[in-house]
file target.cif (mmCIF, C-alpha atoms)
data_data
#
loop_
_atom_site.label_atom_id
_atom_site.label_comp_id
_atom_site.auth_asym_id
_atom_site.auth_seq_id
_atom_site.Cartn_x
_atom_site.Cartn_y
_atom_site.Cartn_z
CA MET A 1 3.23 -7.37 -1.49
CA TYR A 2 6.76 -6.20 -0.70
CA TYR A 3 8.45 -4.39 -3.57
CA ILE A 4 11.61 -2.44 -4.42
CA ASP A 5 11.56 0.73 -6.51
CA PRO A 6 14.84 0.52 -8.45
CA HIS A 7 14.73 4.12 -9.72
CA ILE A 8 13.24 6.96 -7.69
CA HIS A 9 14.57 10.43 -6.85
CA MET A 10 13.75 10.74 -3.18
CA VAL A 11 15.68 14.00 -2.73
CA SER A 12 12.75 15.56 -4.59
CA ARG A 13 10.09 13.94 -2.44
CA THR A 14 8.75 14.74 1.01
CA THR A 15 9.09 12.62 4.12
CA ASP A 16 5.34 12.01 3.79
CA ASP A 17 6.12 10.26 0.49
CA TYR A 18 8.57 7.97 2.27
CA GLU A 19 5.81 7.06 4.71
CA THR A 20 3.30 6.46 1.90
CA LEU A 21 5.77 4.23 0.03
CA ALA A 22 6.34 2.17 3.18
CA LYS A 23 2.60 1.77 3.66
CA MET A 24 2.28 0.59 0.04
CA GLY A 25 4.80 -2.22 0.61
CA CYS A 26 8.03 -0.61 -0.56
CA VAL A 27 10.96 -2.05 1.40
CA ALA A 28 13.89 -0.54 -0.52
CA MET A 29 14.67 1.92 -3.27
CA SER A 30 17.63 2.92 -5.39
CA GLU A 31 18.22 6.55 -6.23
CA PRO A 32 20.44 7.46 -9.17
CA ALA A 33 22.03 10.90 -9.24
CA PHE A 34 20.19 13.19 -11.68
CA TRP A 35 19.46 16.73 -12.78
CA ALA A 36 18.21 19.09 -10.06
CA GLY A 37 16.14 21.21 -12.45
CA PHE A 38 18.99 23.69 -12.81
CA ASP A 39 22.65 23.31 -13.81
CA ARG A 40 24.97 23.18 -10.82
CA GLY A 41 27.92 25.52 -10.97
CA SER A 42 30.77 23.68 -9.29
CA VAL A 43 32.18 20.33 -8.28
CA ASP A 44 31.42 21.22 -4.65
CA GLY A 45 27.75 21.50 -5.56
CA PHE A 46 27.89 17.87 -6.67
CA ARG A 47 29.90 16.84 -3.61
CA ASP A 48 27.14 18.21 -1.36
CA TYR A 49 24.50 16.45 -3.47
CA PHE A 50 26.37 13.16 -3.17
CA ARG A 51 26.59 13.66 0.60
CA GLN A 52 22.82 14.09 0.68
CA LEU A 53 22.36 10.89 -1.34
CA THR A 54 24.70 8.83 0.83
CA SER A 55 23.84 10.15 4.29
CA PHE A 56 20.53 11.97 4.68
CA GLU A 57 18.33 9.98 2.29
CA PRO A 58 19.24 6.57 3.82
CA LYS A 59 18.39 8.09 7.19
CA ARG A 60 14.97 9.33 6.02
CA ALA A 61 14.20 5.95 4.44
CA GLY A 62 15.24 4.23 7.65
CA TRP A 63 12.66 6.18 9.64
CA TYR A 64 10.06 4.07 7.83
CA HIS A 65 12.01 0.79 7.83
CA MET A 66 13.04 1.06 4.19
CA GLN A 67 16.55 0.71 2.82
CA HIS A 68 17.94 3.36 0.49
CA PHE A 69 20.66 2.73 -2.11
CA THR A 70 22.17 5.20 -4.55
CA TRP A 71 24.30 5.77 -7.68
CA MET A 72 26.82 8.52 -8.48
CA CYS A 73 27.32 10.55 -11.67
CA ILE A 74 26.92 13.84 -13.45
CA ASN A 75 23.80 13.47 -15.56
CA ALA A 76 23.48 13.96 -19.31
CA LYS A 77 21.73 17.35 -19.06
CA GLU A 78 24.78 18.84 -17.36
CA ALA A 79 27.26 16.96 -19.54
CA GLU A 80 27.38 19.80 -22.08
CA ASN A 81 29.82 21.36 -19.61
CA VAL A 82 32.63 18.89 -20.29
CA LYS A 83 35.14 20.64 -18.00
CA LEU A 84 32.81 20.46 -14.97
CA SER A 85 31.82 16.90 -15.90
CA ARG A 86 35.47 15.83 -15.80
CA GLU A 87 35.92 17.45 -12.38
CA VAL A 88 32.87 15.59 -11.05
CA ILE A 89 34.01 12.27 -12.53
CA ALA A 90 37.41 12.76 -10.87
CA MET A 91 35.70 13.44 -7.51
CA MET A 92 33.22 10.52 -7.66
CA PRO A 93 35.63 7.88 -6.25
CA GLU A 94 35.35 9.68 -2.88
CA PHE A 95 31.86 8.15 -2.70
CA LEU A 96 31.96 4.94 -4.76
CA ASP A 97 33.13 2.70 -1.92
CA MET A 98 30.56 3.93 0.58
CA PRO A 99 27.89 1.54 1.90
CA GLY A 100 24.79 1.62 -0.27
CA VAL A 101 26.48 3.12 -3.34
CA LEU A 102 25.64 0.61 -6.07
CA GLY A 103 27.66 2.08 -8.92
CA ILE A 104 27.59 4.77 -11.60
CA GLY A 105 24.30 6.26 -12.78
CA GLU A 106 22.09 7.50 -14.15
CA ILE A 107 24.44 8.28 -17.00
CA GLY A 108 23.28 8.40 -20.59
CA LEU A 109 22.16 10.78 -23.28
CA ASN A 110 19.55 13.51 -23.31
CA LYS A 111 19.70 15.33 -26.66
CA ASN A 112 22.16 12.86 -28.19
CA THR A 113 24.99 15.38 -28.61
CA LYS A 114 28.72 14.91 -29.04
CA ASN A 115 29.53 16.33 -25.59
CA GLU A 116 26.98 14.04 -23.93
CA SER A 117 28.62 11.09 -25.70
CA ILE A 118 32.10 12.15 -24.57
CA VAL A 119 31.02 12.41 -20.92
CA PHE A 120 29.09 9.12 -21.15
CA LEU A 121 32.21 7.36 -22.47
CA GLU A 122 34.33 8.82 -19.66
CA HIS A 123 31.84 7.50 -17.09
CA LEU A 124 32.03 4.08 -18.77
CA ASP A 125 35.79 4.17 -18.53
CA LEU A 126 35.64 4.88 -14.79
CA ALA A 127 33.09 2.09 -14.34
CA ALA A 128 35.26 -0.38 -16.25
CA LYS A 129 38.42 0.54 -14.33
CA ARG A 130 36.67 0.17 -10.96
CA SER A 131 34.36 -2.70 -11.92
CA GLU A 132 31.28 -0.67 -11.06
CA GLN A 133 27.70 -1.51 -11.98
CA ILE A 134 26.02 0.98 -14.32
CA LEU A 135 22.51 2.47 -14.45
CA ILE A 136 21.62 4.25 -17.69
CA HIS A 137 19.12 6.97 -18.56
CA THR A 138 17.77 6.88 -22.10
CA PRO A 139 16.36 10.04 -23.74
CA HIS A 140 12.75 11.07 -23.90
CA LEU A 141 10.16 11.00 -26.66
CA GLU A 142 11.43 11.48 -30.24
CA ASP A 143 15.09 11.24 -29.12
CA LYS A 144 14.67 7.88 -27.37
CA LEU A 145 15.16 5.45 -30.26
CA LYS A 146 18.23 7.19 -31.66
CA GLY A 147 19.75 7.80 -28.21
CA THR A 148 19.18 4.28 -26.97
CA ARG A 149 20.85 2.84 -30.06
CA MET A 150 23.81 5.22 -29.61
CA ILE A 151 24.10 4.15 -25.96
CA VAL A 152 23.98 0.46 -26.89
CA ASP A 153 26.67 1.13 -29.54
CA MET A 154 28.99 2.68 -26.94
CA LEU A 155 28.35 -0.08 -24.40
CA CYS A 156 28.95 -2.86 -26.93
CA ASP A 157 32.11 -1.20 -28.24
CA ASP A 158 33.71 -1.40 -24.76
CA ARG A 159 34.71 -5.03 -24.35
CA ARG A 160 35.56 -4.50 -20.66
CA LEU A 161 31.89 -4.17 -19.65
CA ASP A 162 29.84 -7.08 -18.34
CA HIS A 163 26.38 -6.58 -19.87
CA SER A 164 24.66 -8.40 -17.00
CA ARG A 165 25.82 -5.60 -14.67
CA VAL A 166 24.28 -2.80 -16.75
CA LEU A 167 20.68 -1.56 -16.40
CA VAL A 168 19.31 0.42 -19.34
CA ASP A 169 16.35 2.37 -18.04
CA HIS A 170 13.22 3.99 -19.50
CA VAL A 171 12.83 1.36 -22.25
CA GLU A 172 9.61 1.37 -24.26
CA GLU A 173 8.10 -0.73 -27.04
CA HIS A 174 10.61 0.40 -29.69
CA THR A 175 13.77 0.07 -27.56
CA ILE A 176 13.26 -2.89 -25.23
CA ARG A 177 14.15 -5.64 -27.70
CA GLY A 178 17.56 -4.27 -28.66
CA VAL A 179 18.50 -3.79 -25.00
CA LEU A 180 17.51 -7.30 -23.89
CA GLU A 181 19.04 -8.96 -26.95
CA GLU A 182 22.44 -7.52 -26.01
CA GLY A 183 22.20 -9.09 -22.55
CA PHE A 184 21.54 -5.90 -20.56
CA TRP A 185 18.91 -5.47 -17.87
CA ALA A 186 16.03 -3.18 -18.83
CA GLY A 187 13.88 -0.87 -16.72
CA MET A 188 10.41 0.35 -17.60
CA THR A 189 9.54 3.72 -16.10
CA LEU A 190 5.91 4.30 -15.21
CA TYR A 191 5.51 7.98 -15.91
CA PRO A 192 2.58 10.11 -16.95
CA VAL A 193 2.56 11.17 -20.64
CA SER A 194 6.25 10.85 -21.59
CA LYS A 195 7.18 7.25 -20.80
CA CYS A 196 5.21 4.08 -20.02
CA THR A 197 1.87 3.25 -18.40
CA PRO A 198 1.33 0.26 -16.08
CA GLU A 199 -0.83 -1.48 -18.71
CA ARG A 200 1.85 -1.09 -21.40
CA ALA A 201 4.49 -2.36 -18.98
CA VAL A 202 2.37 -5.48 -18.45
CA ASP A 203 2.13 -5.85 -22.24
CA MET A 204 5.92 -5.80 -22.50
CA ILE A 205 6.24 -8.43 -19.75
CA GLU A 206 3.86 -10.61 -21.76
CA LEU A 207 5.82 -10.05 -24.97
CA TYR A 208 9.37 -10.44 -23.60
CA GLY A 209 9.01 -12.45 -20.38
CA PRO A 210 10.13 -11.45 -16.88
CA GLU A 211 13.88 -12.06 -17.17
CA ARG A 212 16.14 -9.02 -16.69
CA LEU A 213 13.16 -6.68 -16.51
CA MET A 214 12.20 -4.23 -13.77
CA VAL A 215 9.66 -1.47 -13.30
CA ASN A 216 10.19 1.83 -11.52
CA SER A 217 8.44 5.11 -10.80
CA ALA A 218 11.38 7.49 -11.41
CA GLY A 219 9.45 9.75 -9.03
CA ASP A 220 11.16 13.14 -9.06
CA TRP A 221 10.44 16.89 -8.83
CA GLY A 222 8.35 16.92 -12.04
CA PRO A 223 4.97 15.37 -12.79
CA SER A 224 5.49 11.79 -11.61
CA LYS A 225 3.91 9.30 -9.25
CA PRO A 226 6.09 7.75 -6.55
CA THR A 227 3.53 4.98 -5.99
CA ALA A 228 3.54 3.88 -9.65
CA VAL A 229 5.00 0.44 -8.90
CA PRO A 230 1.92 -0.56 -6.85
CA ASP A 231 -0.15 0.59 -9.87
CA PHE A 232 1.83 -1.90 -11.96
CA ILE A 233 1.22 -4.64 -9.38
CA MET A 234 -2.51 -3.97 -9.61
CA ALA A 235 -2.43 -3.96 -13.43
CA MET A 236 -0.67 -7.36 -13.38
CA ARG A 237 -3.29 -8.77 -11.02
CA ARG A 238 -6.17 -7.42 -13.12
CA ARG A 239 -4.59 -9.09 -16.16
CA GLY A 240 -4.64 -12.41 -14.28
CA HIS A 241 -0.91 -12.90 -13.68
CA PRO A 242 0.18 -14.96 -10.66
CA GLU A 243 1.63 -13.38 -7.53
CA SER A 244 4.89 -15.29 -8.04
CA LEU A 245 5.47 -13.58 -11.39
CA ILE A 246 4.64 -10.15 -9.99
CA ARG A 247 7.00 -10.69 -7.05
CA LYS A 248 9.78 -11.70 -9.42
CA ILE A 249 9.53 -8.43 -11.32
CA VAL A 250 9.06 -6.01 -8.45
CA TYR A 251 11.20 -7.68 -5.77
CA GLU A 252 13.39 -10.59 -6.86
CA ASN A 253 14.73 -9.02 -10.06
CA PRO A 254 15.96 -5.82 -8.38
CA LEU A 255 17.58 -7.94 -5.67
CA GLU A 256 19.29 -10.12 -8.27
CA PHE A 257 20.63 -7.12 -10.17
CA PHE A 258 21.71 -5.07 -7.15
CA SER A 259 23.36 -8.10 -5.51
CA GLN A 260 26.12 -7.79 -8.08
CA SER A 261 27.30 -4.61 -6.35
CA ARG A 262 29.89 -4.95 -3.59
CA ASN A 263 28.17 -2.21 -1.55
CA PHE A 264 24.72 -3.82 -1.59
CA GLN A 265 23.85 -5.15 1.85
CA PHE A 266 20.13 -5.87 2.03
CA THR A 267 18.15 -7.04 5.03
CA PRO A 268 14.83 -8.60 3.98
CA PRO A 269 11.87 -6.98 5.76
CA GLU A 270 11.41 -10.08 7.91
CA GLY A 271 14.89 -9.44 9.32
CA LEU A 272 14.49 -5.75 10.14
CA PRO A 273 14.30 -4.92 13.86
CA THR A 274 10.89 -3.97 15.17
CA ALA A 275 10.43 -0.91 17.36
CA ALA A 276 10.11 -3.17 20.42
CA ALA A 277 13.32 -5.02 19.63
CA LYS A 278 15.45 -1.86 19.18
CA MET B 1 4.20 -15.49 -22.40
CA SER B 2 0.47 -15.44 -23.11
CA VAL B 3 -2.18 -13.04 -21.85
CA PRO B 4 -3.92 -14.91 -19.01
CA ILE B 5 -7.39 -13.55 -19.70
CA SER B 6 -9.28 -13.96 -22.97
CA ALA B 7 -9.74 -11.35 -25.69
CA PRO B 8 -13.51 -11.07 -25.05
CA GLU B 9 -12.84 -10.55 -21.35
CA LEU B 10 -10.24 -7.89 -22.14
CA LEU B 11 -12.62 -6.15 -24.53
CA SER B 12 -15.36 -6.09 -21.91
CA ARG B 13 -12.95 -4.70 -19.35
CA ASP B 14 -11.31 -2.09 -21.57
CA PHE B 15 -14.11 -1.10 -23.97
CA LEU B 16 -15.17 2.06 -22.13
CA GLU B 17 -11.56 3.17 -21.68
CA VAL B 18 -10.82 2.73 -25.38
CA ARG B 19 -14.01 4.58 -26.27
CA ALA B 20 -13.02 7.43 -23.96
CA LYS B 21 -9.56 7.67 -25.51
CA ILE B 22 -10.93 7.77 -29.07
CA LEU B 23 -13.41 10.44 -28.01
CA GLU B 24 -10.62 12.50 -26.40
CA LEU B 25 -8.59 12.25 -29.59
CA ALA B 26 -11.57 13.28 -31.73
CA ALA B 27 -12.22 16.28 -29.50
CA CYS B 28 -8.53 17.29 -29.73
CA LEU B 29 -8.62 17.22 -33.53
CA ASP B 30 -11.87 19.23 -33.52
CA ARG B 31 -10.22 21.78 -31.22
CA PHE B 32 -7.23 22.18 -33.52
CA GLN B 33 -9.64 22.86 -36.39
CA ARG B 34 -11.82 25.26 -34.43
CA ALA B 35 -9.01 27.39 -33.04
CA ALA B 36 -7.57 30.43 -34.82
CA GLY B 37 -4.78 29.75 -37.30
CA SER B 38 -4.01 26.50 -39.03
CA VAL B 39 -1.93 23.42 -38.27
CA GLU B 40 -2.31 22.06 -41.77
CA GLY B 41 1.15 21.26 -43.10
CA ASP B 42 2.64 21.00 -39.60
CA PRO B 43 4.84 17.86 -39.63
CA ARG B 44 3.41 16.84 -36.26
CA MET B 45 -0.05 16.62 -37.81
CA ARG B 46 1.35 14.35 -40.50
CA ARG B 47 2.71 12.05 -37.80
CA ILE B 48 -0.63 12.04 -35.99
CA ALA B 49 -2.34 11.10 -39.26
CA GLU B 50 0.18 8.30 -39.83
CA GLY B 51 -0.43 7.01 -36.32
CA LEU B 52 -4.19 7.01 -36.78
CA HIS B 53 -3.85 5.23 -40.10
CA LEU B 54 -1.67 2.56 -38.52
CA LEU B 55 -4.28 1.80 -35.86
CA GLN B 56 -6.66 0.65 -38.58
CA SER B 57 -4.39 -2.15 -39.83
CA ALA B 58 -6.17 -5.28 -38.68
CA ASP B 59 -3.20 -7.62 -39.20
CA GLN B 60 -0.58 -5.48 -37.41
CA PRO B 61 0.45 -7.30 -34.19
CA ASP B 62 2.87 -4.58 -32.97
CA ARG B 63 0.90 -1.36 -33.30
CA ALA B 64 2.39 0.19 -30.15
CA GLU B 65 5.96 -0.31 -31.39
CA GLN B 66 5.07 1.00 -34.84
CA VAL B 67 3.44 4.12 -33.38
CA GLN B 68 6.61 4.72 -31.34
CA LEU B 69 8.66 4.53 -34.55
CA ILE B 70 6.46 7.11 -36.27
CA PHE B 71 7.25 9.56 -33.47
CA SER B 72 11.02 8.83 -33.38
CA LEU B 73 14.00 10.57 -34.94
CA PRO B 74 16.08 8.29 -37.17
CA TYR B 75 19.26 6.60 -35.96
CA GLU B 76 22.41 7.29 -38.01
CA GLU B 77 24.83 4.44 -38.68
CA GLY B 78 28.48 5.36 -38.24
CA TRP B 79 27.80 8.30 -35.92
CA ARG B 80 30.87 7.59 -33.76
CA GLY B 81 33.20 7.86 -36.71
CA LYS B 82 31.53 11.06 -37.89
CA TRP B 83 32.04 12.70 -34.48
CA ASN B 84 35.34 10.98 -33.78
CA VAL B 85 34.24 9.82 -30.31
#

call {"tool": "encode", "arguments": {"input": "target.cif", "output": "C-alpha cells"}}
result
Amino acid sequence: MYYIDPHIHMVSRTTDDYETLAKMGCVAMSEPAFWAGFDRGSVDGFRDYFRQLTSFEPKRAGWYHMQHFTWMCINAKEAENVKLSREVIAMMPEFLDMPGVLGIGEIGLNKNTKNESIVFLEHLDLAAKRSEQILIHTPHLEDKLKGTRMIVDMLCDDRRLDHSRVLVDHVEEHTIRGVLEEGFWAGMTLYPVSKCTPERAVDMIELYGPERLMVNSAGDWGPSKPTAVPDFIMAMRRRGHPESLIRKIVYENPLEFFSQSRNFQFTPPEGLPTAAAK
Amino acid sequence: MSVPISAPELLSRDFLEVRAKILELAACLDRFQRAAGSVEGDPRMRRIAEGLHLLQSADQPDRAEQVQLIFSLPYEEGWRGKWNV
C-alpha cells in the first residue's frame, strides 16, 4: 500500500533509510524543522539547516522516487533564546515561498515555559499574516496534557487562524479529544516508549473515527523507527479494518491536509516517470 | 467505529502479550524491592500504584486515558493572564 509519512526528520536518517521507506510503500514525506540535539548558535546556522531541508533532502528522496516536503521554524527547545528566535522568525520568509515548503512547524511547547509561549505566539502571528499552514509539536510525557491545553488556548485565542489548516501532532489518549473537538487535525506519533504504539493508534481510530487523523513515525536521531507507519498498517489489518479505511488514514488524509498549502505540488506514484521514460 | 473482530478473538490473539507485559511489570517491582535503597515514598511509586489500581476497575471503559491522566501534570486555568502573554 502506498503511504505518506507526514512527520519524519530525514536529515537524521541515512540514504539507506530513504531506500527502505520507498520499498515499504512510502511515496512522500513531510519534514518539520526541529531540534538538532544541540542548540544552534546563530541565525546563519538555521539558514543552512533550512537550505538542507529545501534542497538536499528533496534530492535524496527523489533518488528513490519519493517526494519530500518541509516546514520552517525554530523549535520549542531553542525558544528559550528569545533574541535568536526572533532573528530566525524574521529570516524564515526567505524560505516560505519555496516549492515544497508547506508552512510553519513544528512549533509548540516543550517544557511549557513563558519564553516558549512567547516564541510560539510570534510564529502564530507570522503564520496568520502570511496565511501559512501550521504543524505543531506537543510536549512529552507528564508535560503533554498541560502543554497541549496551553497550545489549544493560544490557537483558539487567535481568531485569524483557520483550524482546518492546523495539525496538532503527538496526540495521545488524553489529548486527542480536545484537539479534534476544536476542529484541528491531529497526528499520532508511533514512537517507542514515550508516545504511541501502533495498537493504541488503532484504538484511537476506532474511538474517534478517521476524519482529520494521521499517523507518523517522527523518525529522527533518537530512538525511533522510520518504518513505523507500515507497522500501523499491519496493526489495522490484523484488527480487521478494510484497506479503504487504512488508505484514508495513511495516504488520503495527508494529501487532503497538505493540499491546503500553496507550495504543495504532488505527483501520485502512478504519474512519476520511470527510469526508462526519463 | 466498532472493533471489527470480537472480544474472544482479541483475547486469544493478545493473551500471551498481556501476560508477558504483566510479568515484566511484576519483575520490575520485584527488582525495585531487591535493589539497595528504597523507593517507598517516591511520588512516582504512588503513581504506579494508582495506575495498577485503575486497571482493576471492571467498569472503566477508558483505562488508557485515565492512566495518562495519572501521569500528567495539571493544567492551570488563566495561565496567560498570570504570565501576561

call {"tool": "atom_distance", "arguments": {"input": "target.cif", "atom1": "CA of Met214 (chain A)", "atom2": "CA of Leu55 (chain B)"}}
result
28.2 Å

call {"tool": "residues_around", "arguments": {"input": "target.cif", "residues": "Val202 (chain A)", "least_positions_apart": "4", "cutoff": "9 Å", "atoms": "only C-alpha atoms", "output": "list of chain:residue names"}}
result
A:Thr197, A:Pro198, A:Glu206, A:Leu207, A:Phe232, A:Ala235, A:Met236, A:Arg239

call {"tool": "write_last_selection", "arguments": {"input": "target.cif", "atoms": "C-alpha atoms", "output": "CSV table (one decimal), in the frame of the given file"}}
result
chain,number,residue,atom,x,y,z
A,197,THR,CA,1.9,3.2,-18.4
A,198,PRO,CA,1.3,0.3,-16.1
A,206,GLU,CA,3.9,-10.6,-21.8
A,207,LEU,CA,5.8,-10.0,-25.0
A,232,PHE,CA,1.8,-1.9,-12.0
A,235,ALA,CA,-2.4,-4.0,-13.4
A,236,MET,CA,-0.7,-7.4,-13.4
A,239,ARG,CA,-4.6,-9.1,-16.2

call {"tool": "resolve_selection", "arguments": {"input": "target.cif", "expression": "the PyMOL selection byres ((chain A) within 7 of (chain B))", "output": "JSON, numbers by chain"}}
result
{"A": [114, 118, 142, 143, 145, 146, 173, 174, 206, 207, 209, 239, 240, 241]}

call {"tool": "residues_near_point", "arguments": {"input": "target.cif", "point": "(29.7, 13.9, -17.8)", "cutoff": "6 Å", "atoms": "all atoms listed in the file", "output": "PyMOL selection string"}}
result
chain A and resi 74+79+85+119-120

call {"tool": "residues_near_point", "arguments": {"input": "target.cif", "point": "(16.6, -3.8, -14.0)", "cutoff": "12 Å", "atoms": "only C-alpha atoms", "output": "PyMOL selection string"}}
result
chain A and resi 4-7+30+133-137+163-171+176+179-180+183-189+210-216+248-260

call {"tool": "residues_around", "arguments": {"input": "target.cif", "residues": "region 98-105 of chain A", "least_positions_apart": "2", "cutoff": "10 Å", "atoms": "only C-alpha atoms", "output": "PyMOL selection string"}}
result
chain A and resi 30-34+53-55+58+67-75+89+92-96+107-108+123-124+126-127+130-137+165-167+258-266

call {"tool": "atom_distance", "arguments": {"input": "target.cif", "atom1": "CA of His9 (chain A)", "atom2": "CA of Met150 (chain A)"}}
result
25.1 Å

call {"tool": "resolve_selection", "arguments": {"input": "target.cif", "expression": "the PyMOL selection byres ((chain A and resi 223) around 10)", "output": "ChimeraX atom specification"}}
result
/A:191-194,219-222,224-226

call {"tool": "write_last_selection", "arguments": {"input": "target.cif", "atoms": "C-alpha atoms", "output": "compact mmCIF listing (two decimals), keeping the file's coordinate frame"}}
result
# COMPACT_ATOMS: atom_id res chain seq x y z
CA TYR A 191 5.51 7.98 -15.91
CA PRO A 192 2.58 10.11 -16.95
CA VAL A 193 2.56 11.17 -20.64
CA SER A 194 6.25 10.85 -21.59
CA GLY A 219 9.45 9.75 -9.03
CA ASP A 220 11.16 13.14 -9.06
CA TRP A 221 10.44 16.89 -8.83
CA GLY A 222 8.35 16.92 -12.04
CA SER A 224 5.49 11.79 -11.61
CA LYS A 225 3.91 9.30 -9.25
CA PRO A 226 6.09 7.75 -6.55

call {"tool": "residues_around", "arguments": {"input": "target.cif", "residues": "Leu121 (chain A)", "least_positions_apart": "4", "cutoff": "9 Å", "atoms": "all atoms listed in the file", "output": "short mmCIF file (atom, residue, chain, number, x, y, z; two decimals) with C-alpha atoms, keeping the file's coordinate frame"}}
result
data_model
loop_
_atom_site.label_atom_id
_atom_site.label_comp_id
_atom_site.auth_asym_id
_atom_site.auth_seq_id
_atom_site.Cartn_x
_atom_site.Cartn_y
_atom_site.Cartn_z
CA GLU A 116 26.98 14.04 -23.93
CA SER A 117 28.62 11.09 -25.70
CA ASP A 125 35.79 4.17 -18.53
CA LEU A 126 35.64 4.88 -14.79
CA MET A 154 28.99 2.68 -26.94
CA LEU A 155 28.35 -0.08 -24.40
CA VAL B 85 34.24 9.82 -30.31
#

call {"tool": "atom_distance", "arguments": {"input": "target.cif", "atom1": "CA of Gly41 (chain A)", "atom2": "CA of Asn115 (chain A)"}}
result
17.3 Å

call {"tool": "resolve_selection", "arguments": {"input": "target.cif", "expression": "the PyMOL selection byres ((chain A and resi 20) around 12)", "output": "MDAnalysis selection string"}}
result
chainID A and resid 13:19 21:27 61 64:66 225:228 230

call {"tool": "closest_residue", "arguments": {"input": "target.cif", "among": "B:Ala58, B:Ile48, B:His53, B:Lys82", "to": "Leu25 (chain B)", "atoms": "only C-alpha atoms"}}
result
B:Ile48
